[in-house]
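Okay, so here's the structure we're looking at.
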2 protein chains.
Amino acid sequence: MTFDPASLKFDANGLIPAIAQDAASGEVLMLAWMNVEAVARTLETGRVTYWSRSRQSFWVKGETSGHVQRLVEMRLDCDRDCLLMLIEQEGPACHTNRRSCFYTALREGAEVEIQVPMG
Amino acid sequence: MTFDPASLKFDANGLIPAIAQDAASGEVLMLAWMNVEAVARTLETGRVTYWSRSRQSFWVKGETSGHVQRLVEMRLDCDRDCLLMLIEQEGPACHTNRRSCFYTALREGAEVEIQVPMG
């Protein structure tokens, strides 16, 4: 079945959550949002492109920072309302310079930072 | 710093996306939603509890199916608006009886099922 990005289920704002997972290590790096055109561009270019909710514009990941994400494979879930992307991440995925945005763990009721910024 | 679920950033519907990842294999199994009380219950009980948007009620994962999710560790992202849960999954995570909800891959422009239902 040929894939049509418009067949995904977008929320009231026309967005779908997209999880970026390191294709090699399996580490979950971040979650951001895409609209239908961002999904199409990501598939077309192989460069992960989100929709920035704060800036209300396309966000080609790494365009300014160099920390690009190359798409290895896109997957969708059973409800067609979430995407999982296996990617190759150049450098840190997080704007804090950490590899993953999920660097804070809850341990014994407290927030613990489990990753340091990359050198 | 002691963690307060109310310090997370919830969307206009009072919800936050929560990714469930197999703690042992690293496989991403599903994404569902939590409100502040679901986060608190999950941390308190160690049984992953979502908020069902379709039923508008708490959803203790596996309560009827037996396919429970035991929380190993909860993590939050840099923006405090997404959760990553490392879990132990009993049986399939997906209602289609597949291990993961992300069983559809996009390959050469087509949808390909890459997982079969569990026996």
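How things are named: the first chain in the structure tokens is A, the next is B, and so on; residues count from 1 in each chain; ligands count from 1 in the order shown.
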**Report entry** Expected answer as a PyMOL selection string: chain B residues within 8 Å of chain A, only C-alpha atoms
**Finding:** chain B and resi 1-3+26-27+30-31+73-78+82-84+94+96+101-107+109-112
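Residues lying within 9 Å of Ser52 of chain B, counting only C-alpha atoms and ignoring same-chain neighbours fewer than 3 positions away, are Ala32, Trp33, Met34, Arg55, Gln56, Ser57, Phe58 and Trp59 of chain B.
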**Report entry** DSSP-assigned strand (DSSP E) members of segment 2-34 of chain A, reported as a ChimeraX atom specification
**Finding:** /A:16-22,28-34
Deliver the residues from the most recent selection as a file, using N, CA and C atoms, as a PDB file, in the first residue's frame.
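The resulting selection-v2.pdb:
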```pdb
ATOM      1  N   ILE A  16       1.338  15.865  14.500  1.00  0.00           N
ATOM      2  CA  ILE A  16       1.482  14.490  14.964  1.00  0.00           C
ATOM      3  C   ILE A  16       2.818  14.402  15.705  1.00  0.00           C
ATOM      4  N   PRO A  17       2.843  13.691  16.851  1.00  0.00           N
ATOM      5  CA  PRO A  17       4.117  13.561  17.570  1.00  0.00           C
ATOM      6  C   PRO A  17       5.045  12.572  16.863  1.00  0.00           C
ATOM      7  N   ALA A  18       6.332  12.921  16.814  1.00  0.00           N
ATOM      8  CA  ALA A  18       7.329  12.078  16.154  1.00  0.00           C
ATOM      9  C   ALA A  18       8.481  11.827  17.122  1.00  0.00           C
ATOM     10  N   ILE A  19       8.707  10.552  17.412  1.00  0.00           N
ATOM     11  CA  ILE A  19       9.778  10.143  18.322  1.00  0.00           C
ATOM     12  C   ILE A  19      11.025   9.870  17.500  1.00  0.00           C
ATOM     13  N   ALA A  20      12.166  10.421  17.924  1.00  0.00           N
ATOM     14  CA  ALA A  20      13.435  10.139  17.243  1.00  0.00           C
ATOM     15  C   ALA A  20      14.254   9.178  18.102  1.00  0.00           C
ATOM     16  N   GLN A  21      14.577   8.015  17.514  1.00  0.00           N
ATOM     17  CA  GLN A  21      15.333   6.989  18.216  1.00  0.00           C
ATOM     18  C   GLN A  21      16.621   6.717  17.450  1.00  0.00           C
ATOM     19  N   ASP A  22      17.725   6.665  18.153  1.00  0.00           N
ATOM     20  CA  ASP A  22      19.022   6.348  17.548  1.00  0.00           C
ATOM     21  C   ASP A  22      18.936   4.955  16.917  1.00  0.00           C
ATOM     22  N   VAL A  28      16.336   6.631  22.914  1.00  0.00           N
ATOM     23  CA  VAL A  28      15.331   7.602  22.505  1.00  0.00           C
ATOM     24  C   VAL A  28      15.917   8.993  22.737  1.00  0.00           C
ATOM     25  N   LEU A  29      15.966   9.791  21.681  1.00  0.00           N
ATOM     26  CA  LEU A  29      16.679  11.068  21.742  1.00  0.00           C
ATOM     27  C   LEU A  29      15.762  12.261  21.996  1.00  0.00           C
ATOM     28  N   MET A  30      14.595  12.271  21.403  1.00  0.00           N
ATOM     29  CA  MET A  30      13.694  13.413  21.556  1.00  0.00           C
ATOM     30  C   MET A  30      12.317  13.086  20.987  1.00  0.00           C
ATOM     31  N   LEU A  31      11.374  13.959  21.305  1.00  0.00           N
ATOM     32  CA  LEU A  31      10.068  13.925  20.649  1.00  0.00           C
ATOM     33  C   LEU A  31       9.771  15.346  20.197  1.00  0.00           C
ATOM     34  N   ALA A  32       9.357  15.478  18.940  1.00  0.00           N
ATOM     35  CA  ALA A  32       8.922  16.782  18.444  1.00  0.00           C
ATOM     36  C   ALA A  32       7.710  16.553  17.545  1.00  0.00           C
ATOM     37  N   TRP A  33       7.267  17.600  16.866  1.00  0.00           N
ATOM     38  CA  TRP A  33       5.993  17.531  16.154  1.00  0.00           C
ATOM     39  C   TRP A  33       6.159  17.772  14.668  1.00  0.00           C
ATOM     40  N   MET A  34       5.277  17.189  13.885  1.00  0.00           N
ATOM     41  CA  MET A  34       5.284  17.376  12.435  1.00  0.00           C
ATOM     42  C   MET A  34       3.873  17.687  11.955  1.00  0.00           C
TER      43      MET A  34
END
```
Query raised in the report: From the set A:Val116, A:Val48, A:Leu8, A:Ala24, which residue has the shortest atom-to-atom contact distance to Val36 of chain A, counting only C-alpha atoms?
Result: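 Nearest candidate to Val36 of chain A out of A:Val116, A:Val48, A:Leu8, A:Ala24: A:Leu8.
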Query raised in the report: DSSP on the backbone: what in chain A comes out alpha helix (DSSP H), as number ranges by chain?
Result: A: 36-45
Selection to disk with N, CA and C atoms, as a short mmCIF file (atom, residue, chain, number, x, y, z; two decimals), in the first residue's frame:
```cif
data_model
loop_
_atom_site.label_atom_id
_atom_site.label_comp_id
_atom_site.auth_asym_id
_atom_site.auth_seq_id
_atom_site.Cartn_x
_atom_site.Cartn_y
_atom_site.Cartn_z
N VAL A 36 1.64 17.72 8.13
CA VAL A 36 1.64 16.80 6.98
C VAL A 36 2.80 17.10 6.03
N GLU A 37 3.11 18.38 5.87
CA GLU A 37 4.18 18.77 4.96
C GLU A 37 5.55 18.41 5.53
N ALA A 38 5.71 18.48 6.84
CA ALA A 38 6.98 18.10 7.47
C ALA A 38 7.22 16.59 7.30
N VAL A 39 6.15 15.80 7.41
CA VAL A 39 6.29 14.36 7.18
C VAL A 39 6.74 14.10 5.75
N ALA A 40 6.09 14.79 4.81
CA ALA A 40 6.43 14.60 3.39
C ALA A 40 7.87 15.01 3.11
N ARG A 41 8.28 16.16 3.66
CA ARG A 41 9.65 16.64 3.42
C ARG A 41 10.69 15.70 4.02
N THR A 42 10.38 15.17 5.21
CA THR A 42 11.31 14.25 5.88
C THR A 42 11.52 13.01 5.03
N LEU A 43 10.42 12.47 4.50
CA LEU A 43 10.51 11.26 3.68
C LEU A 43 11.24 11.55 2.36
N GLU A 44 10.98 12.72 1.81
CA GLU A 44 11.53 13.09 0.51
C GLU A 44 13.02 13.36 0.58
N THR A 45 13.43 14.06 1.64
CA THR A 45 14.82 14.52 1.73
C THR A 45 15.70 13.59 2.57
#
```
